[in-house]
file start.pdb (PDB, C-alpha atoms)
ATOM      1  CA  MET A   1      -0.630  13.184   1.794  1.00  0.00           C
ATOM      2  CA  SER A   2      -2.249  10.367  -0.167  1.00  0.00           C
ATOM      3  CA  MET A   3      -1.550   6.834  -1.308  1.00  0.00           C
ATOM      4  CA  ASP A   4      -0.498   8.412  -4.611  1.00  0.00           C
ATOM      5  CA  ASP A   5       2.479   9.952  -2.819  1.00  0.00           C
ATOM      6  CA  ILE A   6       3.509   6.591  -1.375  1.00  0.00           C
ATOM      7  CA  LEU A   7       3.134   4.811  -4.724  1.00  0.00           C
ATOM      8  CA  LYS A   8       5.126   7.537  -6.445  1.00  0.00           C
ATOM      9  CA  VAL A   9       8.048   7.049  -4.064  1.00  0.00           C
ATOM     10  CA  LEU A  10       7.797   3.270  -4.493  1.00  0.00           C
ATOM     11  CA  VAL A  11       8.073   3.474  -8.290  1.00  0.00           C
ATOM     12  CA  GLU A  12      10.846   6.052  -8.111  1.00  0.00           C
ATOM     13  CA  SER A  13      12.813   3.759  -5.790  1.00  0.00           C
ATOM     14  CA  ARG A  14      12.712   1.096  -8.527  1.00  0.00           C
ATOM     15  CA  GLN A  15      13.761   3.553 -11.203  1.00  0.00           C
ATOM     16  CA  GLN A  16      16.671   4.717  -9.057  1.00  0.00           C
ATOM     17  CA  GLY A  17      17.824   1.196  -8.227  1.00  0.00           C
ATOM     18  CA  GLY A  18      16.548   1.121  -4.649  1.00  0.00           C
ATOM     19  CA  SER A  19      16.583   3.401  -1.644  1.00  0.00           C
ATOM     20  CA  GLN A  20      19.725   5.440  -1.192  1.00  0.00           C
ATOM     21  CA  SER A  21      19.112   6.282   2.434  1.00  0.00           C
ATOM     22  CA  SER A  22      22.116   6.339   4.716  1.00  0.00           C
ATOM     23  CA  SER A  23      23.535   8.306   7.580  1.00  0.00           C
ATOM     24  CA  LYS A  24      24.467  10.997   5.028  1.00  0.00           C
ATOM     25  CA  GLY A  25      20.978  11.460   3.642  1.00  0.00           C
ATOM     26  CA  SER A  26      17.328  10.770   4.266  1.00  0.00           C
ATOM     27  CA  ASP A  27      15.141   8.296   2.434  1.00  0.00           C
ATOM     28  CA  PRO A  28      12.039   9.826   0.774  1.00  0.00           C
ATOM     29  CA  MET A  29       9.786   6.986   1.944  1.00  0.00           C
ATOM     30  CA  THR A  30      10.977   7.336   5.539  1.00  0.00           C
ATOM     31  CA  ASP A  31      10.325  11.078   5.418  1.00  0.00           C
ATOM     32  CA  LEU A  32       6.901  10.596   3.872  1.00  0.00           C
ATOM     33  CA  ILE A  33       5.702   7.900   6.277  1.00  0.00           C
ATOM     34  CA  GLY A  34       7.274   9.677   9.236  1.00  0.00           C
ATOM     35  CA  GLY A  35       5.102  12.688   8.485  1.00  0.00           C
ATOM     36  CA  LEU A  36       2.000  10.528   8.127  1.00  0.00           C
ATOM     37  CA  LEU A  37       2.638   8.829  11.461  1.00  0.00           C
ATOM     38  CA  GLY A  38       2.945  12.179  13.162  1.00  0.00           C
ATOM     39  CA  GLY A  39       6.698  12.091  13.748  1.00  0.00           C
ATOM     40  CA  GLY A  40       9.545  13.941  12.149  1.00  0.00           C
ATOM     41  CA  GLY A  41      11.149  13.110   8.846  1.00  0.00           C
ATOM     42  CA  SER A  42      14.144  11.243  10.189  1.00  0.00           C
ATOM     43  CA  GLY A  43      14.483   7.493   9.948  1.00  0.00           C
ATOM     44  CA  GLY A  44      13.221   5.500  12.892  1.00  0.00           C
ATOM     45  CA  SER A  45      11.016   8.285  14.194  1.00  0.00           C
ATOM     46  CA  GLN A  46       8.224   7.167  16.476  1.00  0.00           C
ATOM     47  CA  PRO A  47       4.563   8.099  16.006  1.00  0.00           C
ATOM     48  CA  GLN A  48       3.734  11.137  18.099  1.00  0.00           C
ATOM     49  CA  THR A  49       0.181  10.759  19.322  1.00  0.00           C
ATOM     50  CA  SER A  50       0.017  13.896  21.435  1.00  0.00           C
ATOM     51  CA  ASN A  51      -1.607  16.905  19.765  1.00  0.00           C
ATOM     52  CA  GLN A  52      -2.510  14.774  16.749  1.00  0.00           C
ATOM     53  CA  GLY A  53      -6.143  14.092  17.605  1.00  0.00           C
ATOM     54  CA  SER A  54      -7.966  10.797  17.855  1.00  0.00           C
ATOM     55  CA  GLY A  55      -7.901  10.358  14.071  1.00  0.00           C
ATOM     56  CA  SER A  56      -4.119  10.382  13.690  1.00  0.00           C
ATOM     57  CA  MET A  57      -2.274   7.350  12.375  1.00  0.00           C
ATOM     58  CA  GLY A  58      -0.250   7.344  15.577  1.00  0.00           C
ATOM     59  CA  ASP A  59      -3.421   6.933  17.637  1.00  0.00           C
ATOM     60  CA  VAL A  60      -4.648   4.122  15.399  1.00  0.00           C
ATOM     61  CA  LEU A  61      -1.328   2.333  15.734  1.00  0.00           C
ATOM     62  CA  SER A  62      -1.272   2.799  19.496  1.00  0.00           C
ATOM     63  CA  SER A  63      -4.795   1.375  19.760  1.00  0.00           C
ATOM     64  CA  LEU A  64      -3.862  -1.662  17.671  1.00  0.00           C
ATOM     65  CA  MET A  65      -0.808  -2.345  19.784  1.00  0.00           C
ATOM     66  CA  GLY A  66      -2.621  -1.865  23.075  1.00  0.00           C
ATOM     67  CA  GLY A  67      -0.860   1.414  23.707  1.00  0.00           C
ATOM     68  CA  GLY A  68       2.554   0.013  22.845  1.00  0.00           C
ATOM     69  CA  GLY A  69       2.917   1.223  19.283  1.00  0.00           C
ATOM     70  CA  ASN A  70       6.685   1.727  19.547  1.00  0.00           C
ATOM     71  CA  GLN A  71       7.467  -1.889  18.733  1.00  0.00           C
ATOM     72  CA  GLN A  72       5.948  -1.516  15.259  1.00  0.00           C
ATOM     73  CA  ALA A  73       6.921   2.081  14.531  1.00  0.00           C
ATOM     74  CA  GLY A  74       9.094   1.123  11.572  1.00  0.00           C
ATOM     75  CA  GLY A  75       7.811   3.645   9.064  1.00  0.00           C
ATOM     76  CA  LEU A  76       6.581   1.827   5.970  1.00  0.00           C
ATOM     77  CA  GLY A  77       6.452  -1.449   7.921  1.00  0.00           C
ATOM     78  CA  THR A  78       3.833   0.183  10.134  1.00  0.00           C
ATOM     79  CA  ILE A  79       1.605   1.027   7.175  1.00  0.00           C
ATOM     80  CA  ILE A  80       1.953  -2.519   5.871  1.00  0.00           C
ATOM     81  CA  SER A  81       1.047  -3.875   9.326  1.00  0.00           C
ATOM     82  CA  LEU A  82      -2.173  -1.859   9.216  1.00  0.00           C
ATOM     83  CA  LEU A  83      -2.936  -3.119   5.698  1.00  0.00           C
ATOM     84  CA  GLU A  84      -2.300  -6.680   6.877  1.00  0.00           C
ATOM     85  CA  THR A  85      -4.814  -6.109   9.657  1.00  0.00           C
ATOM     86  CA  LEU A  86      -7.419  -4.955   7.127  1.00  0.00           C
ATOM     87  CA  THR A  87      -6.908  -8.102   5.077  1.00  0.00           C
ATOM     88  CA  GLY A  88      -7.062 -10.335   8.134  1.00  0.00           C
ATOM     89  CA  SER A  89      -3.533 -11.624   7.534  1.00  0.00           C
ATOM     90  CA  GLY A  90      -1.989  -9.610  10.367  1.00  0.00           C
ATOM     91  CA  GLN A  91      -1.745 -10.441  14.066  1.00  0.00           C
ATOM     92  CA  GLN A  92      -4.523  -8.154  15.271  1.00  0.00           C
ATOM     93  CA  THR A  93      -8.063  -9.546  15.543  1.00  0.00           C
ATOM     94  CA  GLY A  94     -11.445  -8.784  17.064  1.00  0.00           C
ATOM     95  CA  SER A  95     -12.264  -5.300  18.320  1.00  0.00           C
ATOM     96  CA  ALA A  96      -8.745  -4.048  17.590  1.00  0.00           C
ATOM     97  CA  GLN A  97      -9.769  -3.720  13.933  1.00  0.00           C
ATOM     98  CA  SER A  98     -12.486  -1.140  14.592  1.00  0.00           C
ATOM     99  CA  PRO A  99     -10.210   1.929  14.540  1.00  0.00           C
ATOM    100  CA  LEU A 100      -9.094   0.938  11.039  1.00  0.00           C
ATOM    101  CA  THR A 101     -12.474   0.291   9.463  1.00  0.00           C
ATOM    102  CA  SER A 102     -14.198   3.449  10.687  1.00  0.00           C
ATOM    103  CA  SER A 103     -14.972   5.982   7.965  1.00  0.00           C
ATOM    104  CA  ASP A 104     -12.556   8.567   9.394  1.00  0.00           C
ATOM    105  CA  SER A 105      -9.660   6.140   9.836  1.00  0.00           C
ATOM    106  CA  PRO A 106      -6.422   7.494   8.301  1.00  0.00           C
ATOM    107  CA  ILE A 107      -5.583   4.154   6.691  1.00  0.00           C
ATOM    108  CA  MET A 108      -9.064   3.987   5.149  1.00  0.00           C
ATOM    109  CA  SER A 109      -8.601   7.489   3.762  1.00  0.00           C
ATOM    110  CA  LEU A 110      -5.451   6.262   2.019  1.00  0.00           C
ATOM    111  CA  ILE A 111      -7.134   3.336   0.255  1.00  0.00           C
ATOM    112  CA  LYS A 112     -10.618   4.823  -0.214  1.00  0.00           C
ATOM    113  CA  PRO A 113      -9.984   6.168  -3.766  1.00  0.00           C
ATOM    114  CA  TYR A 114      -9.606   2.593  -5.037  1.00  0.00           C
ATOM    115  CA  ILE A 115     -12.485   0.893  -3.229  1.00  0.00           C
ATOM    116  CA  THR A 116     -15.575   2.047  -5.142  1.00  0.00           C
ATOM    117  CA  SER A 117     -13.946   1.665  -8.540  1.00  0.00           C
ATOM    118  CA  LEU A 118     -12.729  -1.861  -7.789  1.00  0.00           C
ATOM    119  CA  ALA A 119     -16.067  -2.892  -6.296  1.00  0.00           C
ATOM    120  CA  LYS A 120     -17.876  -1.752  -9.455  1.00  0.00           C
ATOM    121  CA  LYS A 121     -15.399  -3.426 -11.814  1.00  0.00           C
ATOM    122  CA  LEU A 122     -15.576  -6.764  -9.999  1.00  0.00           C
ATOM    123  CA  LYS A 123     -19.216  -6.482  -8.884  1.00  0.00           C
ATOM    124  CA  ILE A 124     -18.253  -7.178  -5.277  1.00  0.00           C
ATOM    125  CA  SER A 125     -19.161  -5.456  -2.016  1.00  0.00           C
ATOM    126  CA  PRO A 126     -17.145  -2.420  -0.861  1.00  0.00           C
ATOM    127  CA  GLU A 127     -16.158  -4.410   2.232  1.00  0.00           C
ATOM    128  CA  LEU A 128     -14.597  -7.117   0.067  1.00  0.00           C
ATOM    129  CA  ALA A 129     -12.974  -4.484  -2.131  1.00  0.00           C
ATOM    130  CA  VAL A 130     -11.278  -3.059   0.983  1.00  0.00           C
ATOM    131  CA  ILE A 131      -9.624  -6.434   1.598  1.00  0.00           C
ATOM    132  CA  VAL A 132      -8.521  -6.852  -2.024  1.00  0.00           C
ATOM    133  CA  VAL A 133      -7.092  -3.324  -2.283  1.00  0.00           C
ATOM    134  CA  SER A 134      -5.320  -3.648   1.064  1.00  0.00           C
ATOM    135  CA  PHE A 135      -3.866  -7.007   0.015  1.00  0.00           C
ATOM    136  CA  VAL A 136      -2.510  -5.623  -3.262  1.00  0.00           C
ATOM    137  CA  LEU A 137      -1.065  -2.484  -1.670  1.00  0.00           C
ATOM    138  CA  GLU A 138       0.563  -4.616   1.014  1.00  0.00           C
ATOM    139  CA  LYS A 139       2.239  -6.782  -1.657  1.00  0.00           C
ATOM    140  CA  LEU A 140       3.378  -3.785  -3.702  1.00  0.00           C
ATOM    141  CA  LEU A 141       4.798  -1.809  -0.784  1.00  0.00           C
ATOM    142  CA  ALA A 142       6.728  -4.869   0.417  1.00  0.00           C
ATOM    143  CA  HIS A 143       9.094  -4.216  -2.496  1.00  0.00           C
ATOM    144  CA  HIS A 144      10.383  -0.952  -1.081  1.00  0.00           C
ATOM    145  CA  PRO A 145      13.788  -1.413   0.601  1.00  0.00           C
ATOM    146  CA  THR A 146      12.537   0.001   3.914  1.00  0.00           C
ATOM    147  CA  SER A 147       9.462  -2.250   4.196  1.00  0.00           C
ATOM    148  CA  GLY A 148      11.071  -5.042   6.216  1.00  0.00           C
ATOM    149  CA  ARG A 149       8.882  -7.522   4.305  1.00  0.00           C
ATOM    150  CA  ASN A 150       9.422 -10.443   1.944  1.00  0.00           C
ATOM    151  CA  SER A 151       9.337  -9.196  -1.642  1.00  0.00           C
ATOM    152  CA  THR A 152      10.179 -12.399  -3.515  1.00  0.00           C
ATOM    153  CA  GLN A 153       6.644 -13.485  -4.472  1.00  0.00           C
ATOM    154  CA  PHE A 154       6.803 -11.619  -7.764  1.00  0.00           C
ATOM    155  CA  ASP A 155       9.093  -9.268  -9.687  1.00  0.00           C
ATOM    156  CA  LEU A 156       7.784  -5.732  -9.250  1.00  0.00           C
ATOM    157  CA  ASP A 157       9.910  -4.342 -12.063  1.00  0.00           C
ATOM    158  CA  GLN A 158       8.478  -6.966 -14.424  1.00  0.00           C
ATOM    159  CA  LEU A 159       4.948  -6.155 -13.262  1.00  0.00           C
ATOM    160  CA  LEU A 160       5.444  -2.419 -13.829  1.00  0.00           C
ATOM    161  CA  ASN A 161       7.023  -3.027 -17.234  1.00  0.00           C
ATOM    162  CA  GLN A 162       4.065  -5.157 -18.278  1.00  0.00           C
ATOM    163  CA  LEU A 163       1.590  -2.523 -17.114  1.00  0.00           C
ATOM    164  CA  SER A 164       3.494   0.216 -18.928  1.00  0.00           C
ATOM    165  CA  THR A 165       3.025  -1.730 -22.180  1.00  0.00           C
ATOM    166  CA  GLY A 166      -0.669  -2.162 -21.546  1.00  0.00           C
ATOM    167  CA  LYS A 167      -1.417  -5.561 -20.034  1.00  0.00           C
ATOM    168  CA  LEU A 168      -0.486  -7.678 -17.033  1.00  0.00           C
ATOM    169  CA  ASP A 169       0.402 -11.334 -17.640  1.00  0.00           C
ATOM    170  CA  PRO A 170      -2.082 -13.310 -15.503  1.00  0.00           C
ATOM    171  CA  ASN A 171       0.447 -16.148 -15.104  1.00  0.00           C
ATOM    172  CA  MET A 172       2.672 -13.821 -13.084  1.00  0.00           C
ATOM    173  CA  ILE A 173      -0.002 -13.507 -10.406  1.00  0.00           C
ATOM    174  CA  LYS A 174      -1.046 -17.137 -10.678  1.00  0.00           C
ATOM    175  CA  ASN A 175       2.506 -18.424 -10.124  1.00  0.00           C
ATOM    176  CA  SER A 176       3.133 -16.161  -7.116  1.00  0.00           C
ATOM    177  CA  GLY A 177       0.903 -18.026  -4.656  1.00  0.00           C
ATOM    178  CA  MET A 178      -1.138 -14.875  -4.018  1.00  0.00           C
ATOM    179  CA  VAL A 179      -4.294 -16.348  -5.545  1.00  0.00           C
ATOM    180  CA  GLU A 180      -4.373 -19.001  -2.829  1.00  0.00           C
ATOM    181  CA  GLU A 181      -3.613 -16.390  -0.147  1.00  0.00           C
ATOM    182  CA  LEU A 182      -6.418 -14.067  -1.191  1.00  0.00           C
ATOM    183  CA  SER A 183      -8.814 -16.985  -1.552  1.00  0.00           C
ATOM    184  CA  GLN A 184      -8.111 -18.006   2.044  1.00  0.00           C
ATOM    185  CA  VAL A 185      -8.616 -14.545   3.558  1.00  0.00           C
ATOM    186  CA  THR A 186     -11.729 -13.652   1.544  1.00  0.00           C
ATOM    187  CA  GLY A 187     -13.461 -16.986   0.927  1.00  0.00           C
ATOM    188  CA  MET A 188     -13.417 -16.331  -2.833  1.00  0.00           C
ATOM    189  CA  ASN A 189     -12.946 -19.273  -5.150  1.00  0.00           C
ATOM    190  CA  GLN A 190      -9.581 -19.202  -6.895  1.00  0.00           C
ATOM    191  CA  THR A 191     -10.989 -18.062 -10.236  1.00  0.00           C
ATOM    192  CA  MET A 192     -12.534 -14.979  -8.644  1.00  0.00           C
ATOM    193  CA  ALA A 193      -9.451 -14.391  -6.498  1.00  0.00           C
ATOM    194  CA  ALA A 194      -7.246 -14.455  -9.607  1.00  0.00           C
ATOM    195  CA  LYS A 195      -9.573 -12.039 -11.434  1.00  0.00           C
ATOM    196  CA  SER A 196      -9.654  -9.724  -8.413  1.00  0.00           C
ATOM    197  CA  LEU A 197      -5.861  -9.676  -8.128  1.00  0.00           C
ATOM    198  CA  ASN A 198      -5.322  -8.999 -11.823  1.00  0.00           C
ATOM    199  CA  THR A 199      -7.874  -6.187 -11.772  1.00  0.00           C
ATOM    200  CA  ALA A 200      -6.541  -4.606  -8.574  1.00  0.00           C
ATOM    201  CA  PHE A 201      -2.861  -4.895  -9.524  1.00  0.00           C
ATOM    202  CA  THR A 202      -3.640  -3.352 -12.899  1.00  0.00           C
ATOM    203  CA  MET A 203      -5.632  -0.507 -11.348  1.00  0.00           C
ATOM    204  CA  VAL A 204      -3.136   0.332  -8.612  1.00  0.00           C
ATOM    205  CA  GLY A 205      -0.032  -0.353 -10.715  1.00  0.00           C
ATOM    206  CA  LYS A 206      -1.154   1.886 -13.560  1.00  0.00           C
ATOM    207  CA  ARG A 207      -2.010   4.589 -11.047  1.00  0.00           C
ATOM    208  CA  ALA A 208       1.478   4.264  -9.559  1.00  0.00           C
ATOM    209  CA  LEU A 209       3.079   4.644 -12.987  1.00  0.00           C
ATOM    210  CA  THR A 210       0.896   7.659 -13.743  1.00  0.00           C
ATOM    211  CA  VAL A 211       1.718   9.564 -10.555  1.00  0.00           C
ATOM    212  CA  ALA A 212       5.413   8.697 -10.874  1.00  0.00           C
ATOM    213  CA  SER A 213       5.520  10.232 -14.353  1.00  0.00           C
ATOM    214  CA  THR A 214       3.668  13.398 -13.316  1.00  0.00           C
ATOM    215  CA  PRO A 215       5.963  16.378 -12.609  1.00  0.00           C
ATOM    216  CA  PRO A 216       5.524  18.075  -9.199  1.00  0.00           C
ATOM    217  CA  ALA A 217       2.978  20.902  -9.217  1.00  0.00           C
ATOM    218  CA  ARG A 218       4.464  24.379  -9.144  1.00  0.00           C
ATOM    219  CA  THR A 219       3.280  27.227  -6.968  1.00  0.00           C
ATOM    220  CA  ALA A 220       2.688  30.748  -8.273  1.00  0.00           C
ATOM    221  CA  SER A 221       6.148  31.741  -7.063  1.00  0.00           C
ATOM    222  CA  GLY A 222       7.757  28.919  -9.001  1.00  0.00           C
ATOM    223  CA  GLY A 223       8.408  26.594  -6.071  1.00  0.00           C
ATOM    224  CA  VAL A 224       7.341  22.977  -5.833  1.00  0.00           C
ATOM    225  CA  LYS A 225       3.978  22.468  -4.157  1.00  0.00           C
ATOM    226  CA  ARG A 226       4.147  19.862  -1.399  1.00  0.00           C
ATOM    227  CA  ALA A 227       1.400  17.295  -0.892  1.00  0.00           C
TER     228      ALA A 227
END

call {"tool": "encode", "arguments": {"input": "start.pdb", "output": "structure tokens"}}
result
Amino acid sequence: MSMDDILKVLVESRQQGGSQSSSKGSDPMTDLIGGLLGGGGSGGSQPQTSNQGSGSMGDVLSSLMGGGGNQQAGGLGTIISLLETLTGSGQQTGSAQSPLTSSDSPIMSLIKPYITSLAKKLKISPELAVIVVSFVLEKLLAHHPTSGRNSTQFDLDQLLNQLSTGKLDPNMIKNSGMVEELSQVTGMNQTMAAKSLNTAFTMVGKRALTVASTPPARTASGGVKRA
């Protein structure tokens, strides 16, 4: 499972008018994140850290919460909490961040495909690129109905529509307040923060649109290949 899978479900939730999860059916995002956290596919499942190994997302979460990961085991909200920790905007500080920033961290494996490319485009360090990518993913995923986060800073549908036509309006990012936020957590001046956000939103948003428009791979027997 990759960040592509999560972005695909996010875009599809917009195209379908929001999550349709209820007691009669499961929500794709809940199923996807539940599997990543080591639990079952049902909504509200808790991370299962036993038999998952020290590298599992459940173990990372438990470490961050001092062994009490249950309080934050809200599926997508958990992933966003980890992204917030990477950006420095979350509640966890100090040594609690080390499980996230290690090379074999599950959350780092999710965002790694974007880091080198963004660092090269912006001519910034990989460490700073981690913060920018995490920040942008955090803001995008907040728009899914199951995120439990504020999603009023910008209109995701408008952003995706702009990217699908080729270019993101920089005023959309500028007017959202995110430039100031990123500037505060990274120390960038606002011009560089704005450039970083526009570049990262364009990179990740276009990737999300691409994976959402790609049909599922088929196996030799004709079935759908699962990620």

call {"tool": "closest_residue", "arguments": {"input": "start.pdb", "among": "A:Leu86, A:Val179, A:Leu159, A:Val211", "to": "Val130 in chain A", "atoms": "all atoms listed in the file"}}
result
A:Leu86

call {"tool": "resolve_selection", "arguments": {"input": "start.pdb", "expression": "the PyMOL selection byres ((chain A and resi 141-150) around 7)", "output": "PyMOL selection string"}}
result
chain A and resi 10+18-19+76-77+137-140+151-152

call {"tool": "atom_distance", "arguments": {"input": "start.pdb", "atom1": "CA of Leu156 in chain A", "atom2": "CA of Ser125 in chain A"}}
result
27.9 Å

call {"tool": "residues_around", "arguments": {"input": "start.pdb", "residues": "range 186-195 of chain A", "least_positions_apart": "6", "cutoff": "8 Å", "atoms": "all atoms listed in the file", "output": "PyMOL selection string"}}
result
chain A and resi 128+131+170+173-174+179-180

call {"tool": "resolve_selection", "arguments": {"input": "start.pdb", "expression": "the PyMOL selection byres ((chain A and resi 87) around 9)", "output": "number ranges by chain"}}
result
A: 82-86, 88-90, 130-135, 182, 185-186

call {"tool": "atom_distance", "arguments": {"input": "start.pdb", "atom1": "CA of Asn161 in chain A", "atom2": "CA of Met29 in chain A"}}
result
21.8 Å

call {"tool": "closest_residue", "arguments": {"input": "start.pdb", "among": "A:Ile124, A:Ile111, A:Met172, A:Ile80", "to": "Asp4 in chain A", "atoms": "all atoms listed in the file"}}
result
A:Ile111
